[in-house]
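Structure file data.cif (mmCIF, C-alpha atoms) follows.
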data_coords
loop_
_atom_site.label_atom_id
_atom_site.label_comp_id
_atom_site.auth_asym_id
_atom_site.auth_seq_id
_atom_site.Cartn_x
_atom_site.Cartn_y
_atom_site.Cartn_z
CA MET E 1 -3.77 -16.40 -23.80
CA ALA E 2 -4.24 -16.37 -20.05
CA LEU E 3 -6.46 -19.04 -18.55
CA ASN E 4 -10.14 -18.07 -18.61
CA LEU E 5 -11.33 -18.67 -15.07
CA ALA E 6 -14.93 -18.96 -16.26
CA GLU E 7 -13.98 -22.20 -18.00
CA ALA E 8 -12.40 -23.63 -14.84
CA LEU E 9 -15.46 -22.97 -12.71
CA SER E 10 -17.60 -25.98 -11.88
CA SER E 11 -20.54 -23.77 -11.07
CA ILE E 12 -21.57 -20.16 -10.58
CA GLN E 13 -24.35 -18.91 -8.29
CA THR E 14 -25.18 -15.23 -8.03
CA GLN E 15 -27.15 -13.24 -5.45
CA ALA E 16 -27.62 -16.38 -3.35
CA ASP E 17 -29.07 -16.44 0.15
CA ALA E 18 -27.24 -17.90 3.12
CA ALA E 19 -28.38 -17.56 6.73
CA ASP E 20 -24.87 -17.97 8.17
CA TRP E 21 -21.33 -18.93 7.27
CA ARG E 22 -21.98 -22.66 7.35
CA ALA E 23 -24.87 -22.20 4.88
CA ALA E 24 -22.64 -20.06 2.68
CA ILE E 25 -19.95 -22.75 2.56
CA ARG E 26 -22.64 -25.36 1.92
CA LEU E 27 -23.71 -23.42 -1.20
CA ALA E 28 -20.14 -23.47 -2.49
CA GLY E 29 -19.98 -27.19 -1.68
CA ASP E 30 -23.28 -27.83 -3.50
CA GLY E 31 -21.78 -26.24 -6.61
CA LEU E 32 -18.82 -28.63 -6.47
CA VAL E 33 -21.04 -31.67 -5.88
CA ALA E 34 -23.41 -30.73 -8.73
CA ASP E 35 -20.50 -30.76 -11.12
CA GLY E 36 -19.12 -34.07 -9.88
CA ALA E 37 -16.00 -32.39 -8.52
CA THR E 38 -16.53 -33.70 -4.98
CA THR E 39 -18.89 -35.68 -2.79
CA GLU E 40 -20.99 -34.06 -0.08
CA THR E 41 -18.48 -35.22 2.51
CA TYR E 42 -16.07 -32.61 1.15
CA THR E 43 -18.58 -29.88 2.06
CA ASP E 44 -18.56 -31.17 5.63
CA GLU E 45 -14.75 -31.16 5.54
CA MET E 46 -14.67 -27.52 4.39
CA ILE E 47 -16.93 -26.52 7.29
CA ALA E 48 -14.89 -28.60 9.77
CA ALA E 49 -11.73 -26.80 8.62
CA VAL E 50 -13.16 -23.46 9.73
CA GLU E 51 -14.41 -24.96 12.97
CA LYS E 52 -10.88 -26.20 13.67
CA HIS E 53 -8.70 -23.33 12.45
CA GLY E 54 -11.08 -20.38 12.67
CA PRO E 55 -12.19 -18.17 9.75
CA TYR E 56 -8.72 -17.99 8.21
CA ILE E 57 -10.31 -18.69 4.82
CA VAL E 58 -11.56 -15.09 4.57
CA ILE E 59 -8.36 -14.05 2.88
CA ALA E 60 -9.36 -10.64 1.60
CA PRO E 61 -12.15 -8.17 2.47
CA GLY E 62 -15.43 -9.87 1.59
CA VAL E 63 -13.89 -12.98 0.03
CA ALA E 64 -13.82 -16.47 1.52
CA LEU E 65 -11.89 -19.32 -0.11
CA ALA E 66 -13.52 -22.47 1.27
CA HIS E 67 -11.39 -25.60 0.93
CA SER E 68 -10.06 -28.64 2.73
CA ARG E 69 -7.23 -31.12 2.35
CA PRO E 70 -7.09 -33.45 -0.65
CA SER E 71 -9.13 -36.47 0.48
CA PRO E 72 -11.20 -39.32 -0.94
CA ALA E 73 -14.10 -36.86 -0.98
CA VAL E 74 -12.46 -35.05 -3.89
CA LEU E 75 -13.45 -36.75 -7.15
CA THR E 76 -12.14 -34.60 -10.00
CA GLY E 77 -11.46 -31.41 -8.11
CA GLY E 78 -12.90 -28.05 -9.14
CA LEU E 79 -13.79 -24.50 -8.30
CA SER E 80 -17.25 -23.08 -7.47
CA TRP E 81 -18.34 -19.47 -7.25
CA VAL E 82 -21.10 -18.13 -5.00
CA SER E 83 -21.92 -14.45 -4.64
CA LEU E 84 -24.26 -13.63 -1.76
CA ALA E 85 -27.21 -11.24 -1.90
CA THR E 86 -26.70 -10.39 1.77
CA PRO E 87 -23.22 -10.29 3.37
CA VAL E 88 -22.50 -13.00 5.96
CA GLU E 89 -20.29 -12.81 9.05
CA PHE E 90 -17.60 -15.47 9.26
CA GLY E 91 -16.04 -14.10 12.44
CA ASN E 92 -12.91 -12.82 10.74
CA LYS E 93 -11.69 -9.68 12.51
CA ASN E 94 -10.23 -8.01 9.44
CA ASN E 95 -12.14 -9.12 6.38
CA ASP E 96 -15.80 -9.68 7.36
CA PRO E 97 -18.49 -9.61 6.13
CA VAL E 98 -18.28 -11.98 3.21
CA THR E 99 -20.06 -11.48 -0.11
CA LEU E 100 -18.17 -13.96 -2.28
CA VAL E 101 -17.49 -17.59 -1.41
CA ILE E 102 -15.24 -19.59 -3.67
CA GLY E 103 -15.14 -23.35 -3.14
CA LEU E 104 -11.86 -25.06 -4.04
CA ALA E 105 -11.21 -28.79 -4.24
CA ALA E 106 -7.93 -30.25 -5.47
CA LYS E 107 -6.79 -33.85 -5.76
CA ASP E 108 -3.29 -33.04 -4.60
CA HIS E 109 -1.05 -30.16 -3.63
CA ASP E 110 0.12 -29.43 -7.18
CA ALA E 111 -3.19 -29.68 -9.00
CA HIS E 112 -4.81 -26.53 -10.24
CA LEU E 113 -1.74 -24.28 -10.15
CA GLN E 114 -2.83 -22.62 -13.39
CA VAL E 115 -6.30 -22.10 -11.99
CA MET E 116 -4.90 -20.67 -8.75
CA ARG E 117 -2.79 -18.24 -10.74
CA ALA E 118 -5.82 -17.09 -12.71
CA LEU E 119 -7.84 -16.80 -9.50
CA ALA E 120 -5.09 -14.74 -7.85
CA GLY E 121 -5.09 -12.43 -10.86
CA VAL E 122 -8.85 -11.92 -10.75
CA LEU E 123 -9.04 -11.38 -6.99
CA SER E 124 -6.23 -8.79 -7.13
CA ASP E 125 -8.09 -6.73 -9.72
CA SER E 126 -10.29 -4.33 -7.75
CA ASP E 127 -12.23 -3.12 -10.80
CA ALA E 128 -13.08 -6.66 -11.81
CA MET E 129 -14.02 -7.54 -8.22
CA GLN E 130 -16.45 -4.60 -8.11
CA LYS E 131 -18.23 -5.86 -11.21
CA LEU E 132 -18.20 -9.44 -10.02
CA ARG E 133 -19.68 -8.58 -6.63
CA VAL E 134 -22.76 -6.97 -8.16
CA ALA E 135 -23.24 -9.39 -11.06
CA GLU E 136 -26.87 -10.51 -11.18
CA THR E 137 -26.46 -13.65 -13.23
CA PRO E 138 -23.87 -16.36 -13.88
CA ASP E 139 -23.57 -15.12 -17.48
CA GLU E 140 -22.51 -11.70 -16.23
CA VAL E 141 -19.82 -13.34 -14.08
CA ARG E 142 -18.63 -15.34 -17.10
CA ALA E 143 -18.52 -12.18 -19.20
CA VAL E 144 -16.33 -10.32 -16.70
CA LEU E 145 -13.96 -13.29 -16.27
CA GLY E 146 -13.78 -13.83 -20.02
CA ALA E 147 -12.92 -10.18 -20.62
CA LEU E 148 -10.11 -10.38 -18.06
CA ALA E 149 -8.61 -13.45 -19.72
CA GLY E 150 -8.73 -11.77 -23.11
CA ALA E 151 -7.12 -8.60 -21.80
CA ALA E 152 -4.40 -10.45 -19.92
CA ALA E 153 -3.15 -12.23 -23.07
CA MET Q 154 16.60 -16.31 2.33
CA LYS Q 155 13.82 -18.76 2.96
CA ILE Q 156 10.22 -17.71 3.43
CA VAL Q 157 7.34 -20.01 4.35
CA ALA Q 158 3.75 -19.10 3.39
CA VAL Q 159 1.38 -20.94 5.71
CA CYS Q 160 -2.19 -22.04 5.16
CA GLY Q 161 -4.46 -24.44 7.00
CA MET Q 162 -4.90 -27.07 4.34
CA GLY Q 163 -2.03 -26.84 1.90
CA ILE Q 164 -3.92 -26.47 -1.35
CA GLY Q 165 -5.39 -23.02 -1.34
CA THR Q 166 -4.44 -19.96 0.51
CA SER Q 167 -0.73 -20.72 0.98
CA VAL Q 168 -0.29 -21.05 -2.79
CA LEU Q 169 -2.06 -17.72 -3.38
CA LEU Q 170 0.02 -16.06 -0.71
CA LYS Q 171 3.20 -17.62 -2.14
CA MET Q 172 2.39 -16.27 -5.63
CA ASN Q 173 1.76 -12.77 -4.37
CA ALA Q 174 4.82 -12.84 -2.11
CA GLU Q 175 6.98 -13.90 -5.10
CA LYS Q 176 5.60 -10.98 -7.14
CA VAL Q 177 6.52 -8.58 -4.36
CA LEU Q 178 10.00 -10.08 -3.82
CA ALA Q 179 10.75 -9.85 -7.55
CA LYS Q 180 9.73 -6.20 -7.55
CA LEU Q 181 11.84 -5.47 -4.48
CA GLY Q 182 14.77 -7.33 -6.02
CA ILE Q 183 15.05 -9.64 -3.00
CA ASP Q 184 16.47 -13.09 -3.55
CA ALA Q 185 14.34 -15.52 -1.56
CA GLU Q 186 12.74 -18.91 -1.88
CA VAL Q 187 9.06 -19.09 -0.90
CA GLU Q 188 7.68 -22.41 0.26
CA ALA Q 189 3.94 -23.02 0.62
CA ALA Q 190 3.14 -25.15 3.66
CA ASP Q 191 0.11 -26.20 5.64
CA MET Q 192 -0.14 -26.23 9.41
CA GLY Q 193 1.05 -29.83 9.61
CA VAL Q 194 4.49 -29.13 8.17
CA ALA Q 195 4.73 -25.39 8.80
CA ARG Q 196 6.33 -25.63 12.21
CA GLY Q 197 9.05 -27.88 10.82
CA ALA Q 198 9.58 -25.73 7.74
CA ALA Q 199 9.69 -22.60 9.91
CA GLN Q 200 12.74 -23.92 11.77
CA THR Q 201 14.97 -23.16 8.78
CA ALA Q 202 13.17 -20.08 7.49
CA GLU Q 203 13.84 -16.41 8.13
CA ILE Q 204 10.27 -15.32 7.63
CA VAL Q 205 6.82 -16.91 7.94
CA LEU Q 206 3.85 -15.30 6.16
CA THR Q 207 0.38 -16.21 7.38
CA SER Q 208 -3.02 -14.97 8.52
CA GLU Q 209 -3.80 -13.87 12.06
CA GLU Q 210 -5.75 -16.98 13.04
CA LEU Q 211 -3.01 -19.32 11.89
CA ALA Q 212 -0.21 -17.26 13.42
CA GLU Q 213 -1.75 -17.95 16.82
CA GLU Q 214 -1.98 -21.63 16.04
CA LEU Q 215 1.62 -21.75 14.83
CA GLY Q 216 2.91 -20.46 18.15
CA ASP Q 217 6.57 -19.78 18.79
CA VAL Q 218 9.01 -20.38 15.95
CA PRO Q 219 12.54 -19.00 15.42
CA ALA Q 220 11.45 -17.27 12.18
CA GLU Q 221 9.90 -13.83 12.10
CA VAL Q 222 6.12 -14.25 11.74
CA ILE Q 223 4.44 -11.67 9.53
CA ILE Q 224 0.65 -11.45 9.58
CA ILE Q 225 -0.95 -10.60 6.26
CA ASN Q 226 -4.60 -9.52 6.48
CA ASN Q 227 -5.39 -9.24 2.80
CA PHE Q 228 -3.61 -11.86 0.66
CA PHE Q 229 -4.31 -9.80 -2.45
CA ASP Q 230 -3.07 -6.47 -1.22
CA LEU Q 231 0.38 -6.30 -2.76
CA ASP Q 232 0.99 -2.98 -1.00
CA GLU Q 233 0.41 -4.60 2.40
CA ILE Q 234 2.71 -7.51 1.54
CA THR Q 235 5.37 -5.14 0.18
CA GLU Q 236 5.27 -2.93 3.26
CA LYS Q 237 5.50 -5.82 5.71
CA ILE Q 238 8.24 -7.74 3.90
CA THR Q 239 10.28 -4.56 3.50
CA ALA Q 240 9.98 -3.82 7.20
CA ALA Q 241 11.01 -7.36 8.12
CA VAL Q 242 14.00 -7.46 5.83
CA GLU Q 243 15.48 -4.18 7.02
#
Would you write the structure of this file as structure tokens?
Amino acid sequence: MALNLAEALSSIQTQADAADWRAAIRLAGDGLVADGATTETYTDEMIAAVEKHGPYIVIAPGVALAHSRPSPAVLTGGLSWVSLATPVEFGNKNNDPVTLVIGLAAKDHDAHLQVMRALAGVLSDSDAMQKLRVAETPDEVRAVLGALAGAAA
Amino acid sequence: MKIVAVCGMGIGTSVLLKMNAEKVLAKLGIDAEVEAADMGVARGAAQTAEIVLTSEELAEELGDVPAEVIIINNFFDLDEITEKITAAVE
């Protein structure tokens, strides 16, 4: 059976409010910290990455994959999910505005390959993405992800 | 043929792009090795690659390399990746 992304997620927030892109990334970071995946320093690192390289993390229309290098700020590593009630501009010419921020922390370059594969599968599925964008509660998100894993077996 | 998928930090987007590029290459029947690299090593890796796949922001940062640089806007749009790789390989 394909990996159920819901089980790999450290935290899920739905219909959250963020004033700007830094606040949006901070929400994703908070999810990782709450689960013990990272320290708060990692959240600062994720924001610094965008300040340095630009909003390259908005890798598909409406979706930002916040992350930074493996560092001492990564404790166990993990994945957090934040859907935004109001879209936020990240400054990406092609894919703004953002409604889904996924926070990713890995201990090294090879960690989480299975999780990345599952994530790639979910993000490529436009029907699933529609449902996920409008999900009102974390349980709804889990239900959609669980159904995908079951179907992909 | 060697292809390098470039991301800023080496753990996230380059791996996703590599996975999707491999799916496309398999479908097109093209024999190529895809390496995921972050900006630190990308310039070096790009010296021996035919093609570099990356996003617009990072392409600017990468600058001039001997490989052909292909900008992918949506890492999950297999049609976009297919179209651009096909055009580059021809």
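Residues lying within 12 Å of E:Ala128, counting all atoms listed in the file and ignoring same-chain neighbours fewer than 3 positions away, are Leu119, Gly121, Val122, Leu123, Ser124, Asp125, Lys131, Leu132, Arg133, Val134, Ala135, Glu140, Val141, Arg142, Ala143, Val144, Leu145, Gly146, Ala147, Leu148, Ala149 and Ala151 of chain E.
Nearest residue to Q:Phe228 among Q:Leu178, Q:Ala190, Q:Leu169, Q:Ala241 is Q:Leu169, counting only C-alpha atoms.
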Per residue of chain Q within 6 Å of chain E, what are the shortest atom pair and its distance in Å to one decimal, counting all atoms listed in the file, with rows by chain and residue number, as a tab-separated table?
residue	atom	partner	partner_atom	distance
Q:Met162	CA	E:Arg69	CA	5.1
Q:Ile164	CA	E:His109	CA	5.2
Q:Glu210	CA	E:Tyr56	CA	5.8
Q:Asn227	CA	E:Ala60	CA	4.4
Q:Phe228	CA	E:Ile59	CA	5.7
Q:Phe229	CA	E:Ser124	CA	5.2
I would like the residues chosen by the PyMOL selection byres ((chain Q and resi 235) around 12) on the shown file; could you give them as a CSV table (one decimal) with C-alpha atoms, in the coordinates of the input?
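Heads up, here's the output in part.csv:
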chain,number,residue,atom,x,y,z
Q,173,ASN,CA,1.8,-12.8,-4.4
Q,174,ALA,CA,4.8,-12.8,-2.1
Q,175,GLU,CA,7.0,-13.9,-5.1
Q,176,LYS,CA,5.6,-11.0,-7.1
Q,177,VAL,CA,6.5,-8.6,-4.4
Q,178,LEU,CA,10.0,-10.1,-3.8
Q,179,ALA,CA,10.8,-9.8,-7.6
Q,180,LYS,CA,9.7,-6.2,-7.6
Q,181,LEU,CA,11.8,-5.5,-4.5
Q,182,GLY,CA,14.8,-7.3,-6.0
Q,183,ILE,CA,15.0,-9.6,-3.0
Q,206,LEU,CA,3.8,-15.3,6.2
Q,223,ILE,CA,4.4,-11.7,9.5
Q,225,ILE,CA,-1.0,-10.6,6.3
Q,227,ASN,CA,-5.4,-9.2,2.8
Q,228,PHE,CA,-3.6,-11.9,0.7
Q,229,PHE,CA,-4.3,-9.8,-2.4
Q,230,ASP,CA,-3.1,-6.5,-1.2
Q,231,LEU,CA,0.4,-6.3,-2.8
Q,232,ASP,CA,1.0,-3.0,-1.0
Q,233,GLU,CA,0.4,-4.6,2.4
Q,234,ILE,CA,2.7,-7.5,1.5
Q,236,GLU,CA,5.3,-2.9,3.3
Q,237,LYS,CA,5.5,-5.8,5.7
Q,238,ILE,CA,8.2,-7.7,3.9
Q,239,THR,CA,10.3,-4.6,3.5
Q,240,ALA,CA,10.0,-3.8,7.2
Q,241,ALA,CA,11.0,-7.4,8.1
Q,242,VAL,CA,14.0,-7.5,5.8
Selection: 10 Å around Q:Ala198, only C-alpha atoms, excl. self and same-chain fewer than 5 positions, as a count of residues only: 14
Target residues per the PyMOL selection byres ((chain Q and resi 154) around 8), formatted as a list in words: Lys155, Ile156, Asp184, Ala185, Glu186, Ala202 and Glu203 of chain Q
Given the PyMOL selection byres ((chain E and resi 12-24) around 9), the residues it picks as a VMD selection string: chain E and resid 6 9 to 11 25 to 29 31 47 80 to 91 98 101 133 to 139 141 to 142
Straight-line distance linking atom CA of Q:Ile224 with atom CA of Q:Glu209, stated in Å to one decimal: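 Calculated distance between atom CA of Q:Ile224 and atom CA of Q:Glu209 is 5.6 Å.
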Å distance separating atom CA of E:Glu45 from atom CA of E:Met129, one decimal place: 27.3 Å
Distance of atom CA of E:Gly77 from atom CA of E:Glu7, expressed in Å to one decimal place: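 For atom CA of E:Glu7 relative to atom CA of E:Gly77, the distance reads 13.7 Å.
The shortest atom-to-atom distance to Q:Ala195, with all atoms listed in the file taken into account, belongs to Q:Cys160 out of Q:Glu213, Q:Cys160, Q:Asn226, Q:Leu170.
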